[in-house]
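A.B. asks: To be precise about what I am sending: the file is called target-v6.cif and holds mmCIF, C-alpha atoms and all ligand atoms.
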```
data_model
loop_
_atom_site.label_atom_id
_atom_site.label_comp_id
_atom_site.auth_asym_id
_atom_site.auth_seq_id
_atom_site.Cartn_x
_atom_site.Cartn_y
_atom_site.Cartn_z
CA ASP B 1 -27.08 20.40 -6.81
CA TRP B 2 -24.62 17.94 -5.32
CA THR B 3 -20.95 18.74 -5.57
CA MET B 4 -17.85 17.43 -3.84
CA GLY B 5 -17.33 20.89 -2.35
CA ALA B 6 -20.67 20.68 -0.58
CA TYR B 7 -20.00 17.11 0.47
CA ARG B 8 -16.72 18.18 2.00
CA GLU B 9 -18.39 20.88 4.13
CA GLU B 10 -21.06 18.45 5.24
CA ALA B 11 -18.49 15.78 6.11
CA ILE B 12 -16.45 18.29 8.10
CA ALA B 13 -19.49 19.37 10.08
CA LYS B 14 -20.36 15.74 10.82
CA ILE B 15 -16.86 14.93 12.05
CA ARG B 16 -16.87 17.98 14.36
CA GLU B 17 -20.23 16.99 15.72
CA GLN B 18 -19.19 13.38 16.34
CA VAL B 19 -15.76 14.03 17.81
CA GLY B 20 -16.26 17.27 19.74
CA ASP B 21 -12.94 18.20 21.31
CA ALA B 22 -11.68 14.63 21.71
CA LYS B 23 -8.44 13.39 20.19
CA VAL B 24 -8.35 11.12 17.16
CA ILE B 25 -5.65 8.79 15.91
CA CYS B 26 -5.36 7.51 12.38
CA ALA B 27 -3.17 4.85 10.76
CA LEU B 28 -1.75 6.51 7.68
CA SER B 29 -0.54 4.10 5.00
CA GLY B 30 -0.05 6.50 2.12
CA GLY B 31 -2.82 4.74 0.21
CA VAL B 32 -5.62 6.83 -1.25
CA ASP B 33 -8.25 5.98 1.36
CA SER B 34 -6.25 6.65 4.49
CA SER B 35 -4.69 9.74 2.90
CA VAL B 36 -8.04 11.30 2.04
CA ALA B 37 -9.47 10.37 5.45
CA ALA B 38 -6.50 12.01 7.18
CA ALA B 39 -6.70 15.17 5.07
CA LEU B 40 -10.43 15.51 5.71
CA LEU B 41 -10.06 14.94 9.45
CA HIS B 42 -7.27 17.45 9.59
CA GLU B 43 -9.50 20.08 7.98
CA ALA B 44 -12.23 19.26 10.45
CA ILE B 45 -10.32 19.00 13.74
CA GLY B 46 -6.75 20.17 13.06
CA GLU B 47 -4.44 19.50 15.98
CA GLN B 48 -6.80 17.01 17.58
CA LEU B 49 -5.66 14.51 14.93
CA THR B 50 -2.47 12.47 15.14
CA CYS B 51 -1.50 10.10 12.36
CA VAL B 52 0.76 7.09 12.77
CA PHE B 53 2.73 5.97 9.75
CA VAL B 54 4.17 2.51 10.40
CA ASP B 55 7.40 1.87 8.53
CA HIS B 56 7.80 -1.89 8.50
CA GLY B 57 10.85 -1.89 6.26
CA LEU B 58 8.76 -3.34 3.43
CA LEU B 59 8.00 -0.09 1.66
CA ARG B 60 9.04 1.01 -1.81
CA LEU B 61 11.98 3.27 -2.59
CA HIS B 62 11.57 6.68 -0.86
CA GLU B 63 7.98 5.85 0.09
CA ALA B 64 8.23 6.74 3.78
CA GLU B 65 9.91 10.09 3.06
CA GLU B 66 7.31 10.91 0.44
CA VAL B 67 4.30 10.13 2.60
CA VAL B 68 5.61 11.63 5.82
CA GLY B 69 7.08 14.58 3.92
CA MET B 70 3.80 15.41 2.29
CA PHE B 71 1.53 15.08 5.29
CA ARG B 72 3.84 16.48 7.93
CA ASP B 73 5.87 19.12 6.11
CA HIS B 74 3.56 20.08 3.30
CA MET B 75 0.12 19.72 4.86
CA ASN B 76 1.08 20.29 8.49
CA LEU B 77 -0.50 17.21 9.99
CA GLN B 78 0.93 15.69 13.15
CA VAL B 79 2.50 12.49 11.91
CA ILE B 80 4.42 9.96 13.96
CA HIS B 81 6.88 8.11 11.75
CA ALA B 82 7.13 4.76 13.50
CA GLN B 83 10.53 3.36 12.52
CA GLU B 84 9.97 -0.31 13.18
CA GLN B 85 11.96 -1.88 10.39
CA ASP B 86 14.16 -3.94 12.73
CA LEU B 87 11.18 -5.33 14.59
CA PHE B 88 9.33 -6.47 11.46
CA LEU B 89 12.35 -7.72 9.53
CA GLY B 90 13.63 -9.48 12.64
CA GLU B 91 10.36 -11.35 13.19
CA LEU B 92 10.21 -12.25 9.51
CA GLU B 93 13.69 -13.72 9.45
CA GLY B 94 13.60 -17.24 8.08
CA VAL B 95 9.87 -17.06 7.33
CA SER B 96 8.92 -18.14 3.83
CA ASP B 97 5.31 -19.29 4.16
CA PRO B 98 3.04 -16.58 2.69
CA GLU B 99 0.32 -16.90 5.31
CA VAL B 100 2.83 -16.83 8.15
CA LYS B 101 4.32 -13.68 6.62
CA ARG B 102 0.91 -12.02 6.43
CA LYS B 103 -0.12 -13.02 9.95
CA THR B 104 3.22 -11.95 11.43
CA ILE B 105 3.01 -8.55 9.76
CA GLY B 106 -0.66 -8.07 10.67
CA LYS B 107 -0.04 -8.85 14.33
CA LEU B 108 3.05 -6.65 14.59
CA PHE B 109 1.23 -3.83 12.86
CA ILE B 110 -1.45 -3.86 15.53
CA ASP B 111 1.12 -4.08 18.36
CA VAL B 112 3.09 -1.18 16.95
CA PHE B 113 0.08 0.97 16.25
CA GLN B 114 -1.14 0.36 19.77
CA LYS B 115 2.26 1.22 21.25
CA TYR B 116 2.30 4.63 19.55
CA ALA B 117 -1.38 5.28 20.15
CA ASP B 118 -0.85 4.69 23.87
CA GLN B 119 1.55 7.63 23.87
CA ILE B 120 -1.16 9.98 22.73
CA ASP B 121 -2.87 11.23 25.85
CA GLY B 122 -6.61 11.11 25.81
CA ALA B 123 -7.18 9.60 22.38
CA GLU B 124 -10.82 8.58 22.15
CA TYR B 125 -11.32 7.86 18.48
CA LEU B 126 -9.69 5.76 15.81
CA ALA B 127 -10.20 6.99 12.26
CA GLN B 128 -10.45 4.58 9.35
CA GLY B 129 -10.77 5.13 5.63
CA THR B 130 -13.55 2.57 5.24
CA LEU B 131 -15.44 3.03 1.96
CA TYR B 132 -19.02 2.20 1.07
CA PRO B 133 -18.10 -1.01 -0.79
CA ASP B 134 -16.26 -2.18 2.36
CA VAL B 135 -19.41 -1.54 4.35
CA ILE B 136 -21.82 -3.41 2.09
CA GLU B 137 -19.45 -6.27 1.37
CA SER B 138 -18.12 -7.92 4.44
CA VAL B 139 -16.40 -10.25 1.99
CA SER B 140 -12.65 -9.83 1.80
CA PHE B 141 -10.96 -8.43 -1.29
CA SER B 142 -9.51 -11.63 -2.65
CA GLY B 143 -11.43 -14.30 -0.77
CA GLY B 144 -14.93 -15.51 -1.54
CA PRO B 145 -17.66 -15.62 1.11
CA SER B 146 -16.49 -18.92 2.52
CA VAL B 147 -12.93 -19.21 1.27
CA THR B 148 -10.05 -17.06 2.37
CA ILE B 149 -7.36 -17.16 -0.26
CA LYS B 150 -5.10 -14.73 1.53
CA SER B 151 -5.37 -13.20 4.97
CA HIS B 152 -5.69 -9.50 4.45
CA HIS B 153 -3.94 -7.10 6.63
CA ASN B 154 -6.03 -4.38 8.21
CA VAL B 155 -6.77 -2.95 11.63
CA GLY B 156 -10.04 -4.85 12.11
CA GLY B 157 -10.93 -5.51 15.74
CA LEU B 158 -8.44 -2.92 16.90
CA PRO B 159 -10.86 -0.21 18.08
CA GLU B 160 -12.64 -2.57 20.51
CA LYS B 161 -9.36 -3.94 21.81
CA MET B 162 -8.07 -0.43 22.45
CA GLY B 163 -11.31 0.87 23.83
CA LEU B 164 -11.59 3.44 21.04
CA LYS B 165 -14.62 4.61 19.13
CA LEU B 166 -14.55 4.65 15.34
CA VAL B 167 -14.71 7.62 12.98
CA GLU B 168 -15.22 6.59 9.36
CA PRO B 169 -15.69 9.77 7.34
CA LEU B 170 -15.58 8.01 3.94
CA ARG B 171 -18.25 5.43 4.69
CA GLU B 172 -20.69 6.79 2.13
CA LEU B 173 -18.24 7.09 -0.73
CA PHE B 174 -17.11 4.97 -3.64
CA LYS B 175 -13.49 4.93 -4.75
CA ASP B 176 -13.93 7.49 -7.53
CA GLU B 177 -15.69 9.83 -5.09
CA VAL B 178 -12.85 9.44 -2.61
CA ARG B 179 -10.46 10.51 -5.35
CA ALA B 180 -12.65 13.53 -6.15
CA LEU B 181 -12.75 14.46 -2.48
CA GLY B 182 -8.97 14.09 -2.24
CA HIS B 183 -8.64 16.48 -5.15
CA GLU B 184 -11.04 18.90 -3.46
CA LEU B 185 -8.88 18.74 -0.32
CA GLY B 186 -5.78 19.67 -2.29
CA LEU B 187 -3.99 16.33 -2.36
CA PRO B 188 -1.69 16.18 -5.39
CA ALA B 189 -2.96 14.21 -8.39
CA SER B 190 0.10 11.96 -8.20
CA PHE B 191 -1.09 10.83 -4.77
CA ILE B 192 -4.72 10.40 -5.67
CA GLY B 193 -3.97 8.31 -8.74
CA ARG B 194 -1.54 5.96 -7.06
CA HIS B 195 -1.74 2.24 -7.70
CA PRO B 196 -2.92 0.22 -4.69
CA PHE B 197 -0.15 -1.10 -2.44
CA PRO B 198 -0.81 -4.02 -0.09
CA GLY B 199 -0.44 -3.70 3.69
CA PRO B 200 2.22 -6.44 3.88
CA GLY B 201 4.15 -4.47 1.27
CA LEU B 202 7.19 -5.94 -0.42
CA ALA B 203 7.04 -9.05 1.79
CA ILE B 204 4.51 -10.63 -0.58
CA ARG B 205 6.59 -9.63 -3.62
CA CYS B 206 9.56 -11.52 -2.32
CA PRO B 207 8.56 -15.19 -2.43
CA GLY B 208 10.66 -17.30 -0.09
CA GLU B 209 12.76 -15.80 2.67
CA ILE B 210 12.92 -12.05 2.98
CA THR B 211 16.36 -10.53 3.37
CA ARG B 212 17.47 -6.93 3.47
CA GLU B 213 19.63 -7.60 0.43
CA LYS B 214 16.68 -8.86 -1.61
CA LEU B 215 14.49 -5.97 -0.47
CA GLU B 216 17.09 -3.48 -1.56
CA ILE B 217 17.41 -5.08 -5.00
CA LEU B 218 13.64 -5.26 -5.32
CA ARG B 219 13.20 -1.56 -4.45
CA LYS B 220 15.63 -0.49 -7.14
CA ALA B 221 14.11 -2.71 -9.82
CA ASP B 222 10.58 -1.64 -8.93
CA ALA B 223 11.48 2.06 -9.10
CA ILE B 224 12.94 1.61 -12.60
CA TYR B 225 9.90 -0.34 -13.78
CA ILE B 226 7.47 2.31 -12.53
CA ASP B 227 9.66 5.02 -14.03
CA GLN B 228 9.47 3.26 -17.40
CA ILE B 229 5.69 2.94 -17.12
CA ARG B 230 5.35 6.64 -16.32
CA LYS B 231 7.72 7.68 -19.09
CA HIS B 232 5.67 5.75 -21.61
CA GLY B 233 2.48 7.36 -20.31
CA LEU B 234 0.97 4.05 -19.24
CA TYR B 235 0.64 4.52 -15.48
CA ASP B 236 -3.02 5.52 -15.46
CA GLU B 237 -4.04 2.70 -17.80
CA ILE B 238 -2.74 0.13 -15.36
CA TRP B 239 -4.45 -0.93 -12.13
CA GLN B 240 -1.25 -2.07 -10.52
CA ALA B 241 2.33 -2.73 -11.55
CA PHE B 242 5.27 -4.01 -9.57
CA VAL B 243 8.33 -6.22 -9.60
CA ALA B 244 8.66 -9.47 -7.68
CA ILE B 245 12.13 -10.78 -6.86
CA LEU B 246 12.31 -14.54 -7.36
CA PRO B 247 13.96 -16.91 -4.92
CA VAL B 248 16.26 -18.29 -7.61
CA ARG B 249 19.56 -17.17 -8.97
CA THR B 250 20.49 -17.83 -12.56
CA VAL B 251 23.62 -17.64 -14.66
CA GLY B 252 24.31 -14.77 -17.03
CA VAL B 253 27.16 -12.99 -18.77
CA MET B 254 28.08 -9.36 -18.42
CA GLY B 255 31.14 -7.88 -20.08
CA ASP B 256 33.64 -10.72 -20.01
CA GLY B 257 32.36 -12.10 -16.74
CA ARG B 258 29.89 -14.71 -15.62
CA THR B 259 27.14 -13.55 -13.28
CA TYR B 260 25.05 -15.56 -10.84
CA ASP B 261 22.26 -13.28 -9.68
CA TYR B 262 18.55 -13.13 -8.91
CA ALA B 263 15.81 -13.34 -11.52
CA CYS B 264 12.84 -11.02 -11.26
CA ALA B 265 9.32 -10.94 -12.65
CA LEU B 266 7.50 -7.83 -13.81
CA ARG B 267 3.76 -7.74 -13.14
CA ALA B 268 1.16 -5.31 -14.52
CA VAL B 269 -2.58 -5.81 -14.63
CA THR B 270 -5.76 -4.01 -15.57
CA SER B 271 -8.73 -4.44 -13.27
CA VAL B 272 -11.89 -2.70 -12.11
CA ASP B 273 -11.90 -3.75 -8.47
CA GLY B 274 -8.97 -6.12 -7.95
CA MET B 275 -11.27 -9.16 -7.86
CA THR B 276 -10.41 -10.19 -11.41
CA ALA B 277 -7.56 -8.90 -13.53
CA ASP B 278 -5.94 -9.24 -16.94
CA TYR B 279 -2.24 -8.95 -17.56
CA TYR B 280 -1.31 -5.73 -19.33
CA PRO B 281 -0.33 -6.17 -23.01
CA PHE B 282 2.92 -4.18 -23.09
CA SER B 283 4.72 -3.93 -26.42
CA HIS B 284 7.80 -6.09 -26.84
CA GLU B 285 9.83 -2.90 -27.25
CA PHE B 286 8.70 -1.66 -23.85
CA LEU B 287 9.46 -4.99 -22.20
CA GLY B 288 12.85 -5.30 -23.83
CA GLU B 289 13.88 -1.77 -22.94
CA THR B 290 12.71 -2.18 -19.36
CA ALA B 291 14.47 -5.51 -18.87
CA THR B 292 17.68 -4.03 -20.24
CA ARG B 293 17.47 -1.08 -17.88
CA ILE B 294 16.78 -3.23 -14.83
CA ILE B 295 19.58 -5.67 -15.58
CA ASN B 296 22.08 -2.91 -16.37
CA GLU B 297 21.15 -0.63 -13.50
CA VAL B 298 20.40 -3.03 -10.66
CA LYS B 299 23.29 -4.97 -9.26
CA GLY B 300 21.99 -8.36 -8.17
CA ILE B 301 19.53 -9.00 -11.01
CA ASN B 302 20.61 -10.61 -14.26
CA ARG B 303 17.35 -11.96 -15.65
CA CYS B 304 13.93 -10.45 -16.13
CA THR B 305 10.62 -12.16 -16.99
CA TYR B 306 7.11 -10.83 -17.62
CA ASP B 307 4.21 -12.45 -15.76
CA ILE B 308 1.31 -13.06 -18.19
CA THR B 309 -1.04 -14.71 -15.69
CA SER B 310 -4.51 -13.26 -15.35
CA LYS B 311 -6.70 -13.45 -12.22
CA PRO B 312 -8.16 -16.01 -11.89
CA PRO B 313 -6.36 -18.37 -11.92
CA GLY B 314 -3.48 -16.27 -10.60
CA THR B 315 -3.74 -13.58 -7.97
CA ILE B 316 -2.38 -10.11 -8.55
CA GLU B 317 0.29 -10.34 -5.88
CA TRP B 318 2.68 -13.29 -5.92
CA GLU B 319 1.74 -14.37 -2.39
P1 LIG B 401 -4.63 -10.41 -4.85
O1 LIG B 401 -3.17 -10.68 -4.79
O2 LIG B 401 -5.40 -11.10 -3.76
O3 LIG B 401 -4.80 -8.85 -4.60
O4 LIG B 401 -5.21 -10.70 -6.21
C1 LIG B 401 -5.96 -8.13 -4.87
C2 LIG B 401 -5.71 -6.68 -4.47
O5 LIG B 401 -5.58 -6.59 -3.06
C3 LIG B 401 -4.30 -6.08 -2.71
N1 LIG B 401 -3.86 -6.83 -1.53
C4 LIG B 401 -3.87 -6.34 -0.29
N2 LIG B 401 -4.21 -5.13 0.19
N3 LIG B 401 -3.68 -5.86 2.36
C5 LIG B 401 -4.08 -4.89 1.52
O6 LIG B 401 -4.34 -3.79 1.97
C6 LIG B 401 -3.34 -7.09 1.97
O7 LIG B 401 -2.98 -7.94 2.76
C7 LIG B 401 -3.43 -7.34 0.57
N4 LIG B 401 -3.18 -8.44 -0.20
C8 LIG B 401 -3.43 -8.08 -1.48
C9 LIG B 401 -3.42 -6.35 -3.92
O8 LIG B 401 -2.31 -5.45 -3.94
C10 LIG B 401 -4.41 -6.12 -5.04
O9 LIG B 401 -4.62 -4.75 -5.28
#
```
Let's see the structure in the file written out as structure tokens.
Ligand code: XMP

C.D. replies:
Amino acid sequence: DWTMGAYREEAIAKIREQVGDAKVICALSGGVDSSVAAALLHEAIGEQLTCVFVDHGLLRLHEAEEVVGMFRDHMNLQVIHAQEQDLFLGELEGVSDPEVKRKTIGKLFIDVFQKYADQIDGAEYLAQGTLYPDVIESVSFSGGPSVTIKSHHNVGGLPEKMGLKLVEPLRELFKDEVRALGHELGLPASFIGRHPFPGPGLAIRCPGEITREKLEILRKADAIYIDQIRKHGLYDEIWQAFVAILPVRTVGVMGDGRTYDYACALRAVTSVDGMTADYYPFSHEFLGETATRIINEVKGINRCTYDITSKPPGTIEWE
């Protein structure tokens, strides 16, 4: 009789056997896969595990505090909070091409991870939250076998470069099994059910040049949008929802004054695997209420649109 509890014990035994008393490092993103991998490894090898959470300045409101707070303070993992906002935002200054953004972030991510990993004496293994579908499909998430639509950001090639061996404790699992295992390991449901968040973060939700001002506006708008979705009980029906801040400013009126502020687009889709997606059919009441809240509560936005593009022909993210 196969249960997640038994799987967990088996997985723990396997990790102990593979790793022995060597040290392991793990890039923690706060996503479901890396979170479950980290929690499982911690159960298996405790203090031999060090996680690195790279803060590239492109995270959502309070995201770094939430992830680091939970793993370090609540679950007692050793977590390095790499504060590298200035590095990433500095390198991205003036960059508006989506592929250049992705490549810049991907390269810096590896540099930064390596820098922190080098400080951990005697690390022999790199842990990754690779799932079974990643193993059987070498095809990227959004690209076809021969076409790359977007360069995805991951730590591929890193273990060889760093001379590290790989531990991949989730290699036999599908996404729903990873969630069940996360639950078994005591991760809160709010963490396990989180919408996916891309490695390049808010950079690809900010078409055109990225500025700290735009990021700050975007964070506030996004937090209100997600709050609305949760309040209406829609979060779990939606694969992914977010705000994109548009590189245009438009004219509006507020009180007796004229405004000239950014426009934003709300995005929400349903999907099974992210490969295809349909826009979510919110009610007009929901959309109207949400737009009103964002425009009233976020200084810097005076116009709100809803993106009704499905995938294909659109992609989920704006870049
Ligand atoms: P697109 O925009 O290609 O996104 O339709 C499909 C899914 O993949 C996520 N995504 C990424 N995830 N690194 C990631 O880890 C990336 O570079 C990346 N780009 C897109 C996107 O959020 C959606 O869930």

A.B. asks: Choose the residue, out of B:Glu9, B:Glu17, B:Glu177, B:Glu209, that has the smallest atom-to-atom separation from B:Leu40; count all atoms listed in the file.

C.D. replies: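 Of B:Glu9, B:Glu17, B:Glu177, B:Glu209, the one nearest B:Leu40 is B:Glu9, counting all atoms listed in the file.
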
A.B. asks: Please list as a list in words every residue within 7 Å of B:Cys206, counting all atoms listed in the file and excluding residues in the same chain fewer than 3 positions away.

C.D. replies: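 Neighbouring residues, sequence-local ones excluded: Leu202, Ala203, Ile210, Ala244, Ile245 and Leu246 of chain B.
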
A.B. asks: Could you check which of B:Thr290, B:Ala268, B:Arg303, B:Ala39 is closest to B:Thr315, using all atoms listed in the file?

C.D. replies: B:Ala268

A.B. asks: Can you tell me, as JSON, numbers by chain, what residues are no more than 9 Å from B:Phe197 when counting only C-alpha atoms, ignoring any on the same chain fewer than 5 positions away?

C.D. replies: {"B": [30, 31, 240]}

A.B. asks: So which one's closest to ligand LIG 401 (chain B), B:Pro200, B:Pro159, B:Gly57, B:Gly233? Using all atoms listed in the file, please.

C.D. replies: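 Nearest to ligand LIG 401 (chain B): B:Pro200.
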
A.B. asks: With distances taken over all atoms listed in the file, which of B:Lys103, B:His74, B:Ala44, B:Gln128 is nearest to B:Glu10?

C.D. replies: B:Ala44

A.B. asks: In Å, with one decimal, what is the gap from atom C1 of ligand LIG 401 (chain B) to atom CA of B:Met275?

C.D. replies: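 A separation of 6.2 Å between them.
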
A.B. asks: Is there a way to complete stretch 166-178 of chain B with N, CA and C atoms and then write that out as an mmCIF file, keeping the file's coordinate frame?

C.D. replies:
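What landed in out_10.cif:
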```cif
data_model
loop_
_atom_site.group_PDB
_atom_site.id
_atom_site.type_symbol
_atom_site.label_atom_id
_atom_site.label_comp_id
_atom_site.auth_asym_id
_atom_site.auth_seq_id
_atom_site.Cartn_x
_atom_site.Cartn_y
_atom_site.Cartn_z
ATOM 1 N N LEU B 166 -14.958 4.517 16.743
ATOM 2 C CA LEU B 166 -14.550 4.650 15.340
ATOM 3 C C LEU B 166 -15.061 5.928 14.691
ATOM 4 N N VAL B 167 -14.232 6.571 13.891
ATOM 5 C CA VAL B 167 -14.710 7.620 12.980
ATOM 6 C C VAL B 167 -14.406 7.118 11.574
ATOM 7 N N GLU B 168 -15.401 7.083 10.732
ATOM 8 C CA GLU B 168 -15.220 6.590 9.360
ATOM 9 C C GLU B 168 -15.822 7.597 8.380
ATOM 10 N N PRO B 169 -15.094 8.666 8.109
ATOM 11 C CA PRO B 169 -15.690 9.770 7.340
ATOM 12 C C PRO B 169 -15.912 9.468 5.861
ATOM 13 N N LEU B 170 -15.409 8.304 5.372
ATOM 14 C CA LEU B 170 -15.580 8.010 3.940
ATOM 15 C C LEU B 170 -16.609 6.909 3.695
ATOM 16 N N ARG B 171 -17.335 6.569 4.738
ATOM 17 C CA ARG B 171 -18.250 5.430 4.690
ATOM 18 C C ARG B 171 -19.317 5.494 3.615
ATOM 19 N N GLU B 172 -19.622 6.687 3.120
ATOM 20 C CA GLU B 172 -20.690 6.790 2.130
ATOM 21 C C GLU B 172 -20.146 6.873 0.719
ATOM 22 N N LEU B 173 -18.836 6.793 0.576
ATOM 23 C CA LEU B 173 -18.240 7.090 -0.730
ATOM 24 C C LEU B 173 -17.713 5.859 -1.462
ATOM 25 N N PHE B 174 -17.774 5.934 -2.779
ATOM 26 C CA PHE B 174 -17.110 4.970 -3.640
ATOM 27 C C PHE B 174 -15.711 5.499 -3.960
ATOM 28 N N LYS B 175 -14.893 4.589 -4.484
ATOM 29 C CA LYS B 175 -13.490 4.930 -4.750
ATOM 30 C C LYS B 175 -13.320 6.203 -5.600
ATOM 31 N N ASP B 176 -14.110 6.317 -6.658
ATOM 32 C CA ASP B 176 -13.930 7.490 -7.530
ATOM 33 C C ASP B 176 -14.334 8.775 -6.797
ATOM 34 N N GLU B 177 -15.293 8.661 -5.878
ATOM 35 C CA GLU B 177 -15.690 9.830 -5.090
ATOM 36 C C GLU B 177 -14.621 10.203 -4.066
ATOM 37 N N VAL B 178 -13.949 9.175 -3.539
ATOM 38 C CA VAL B 178 -12.850 9.440 -2.610
ATOM 39 C C VAL B 178 -11.747 10.219 -3.326
#
```
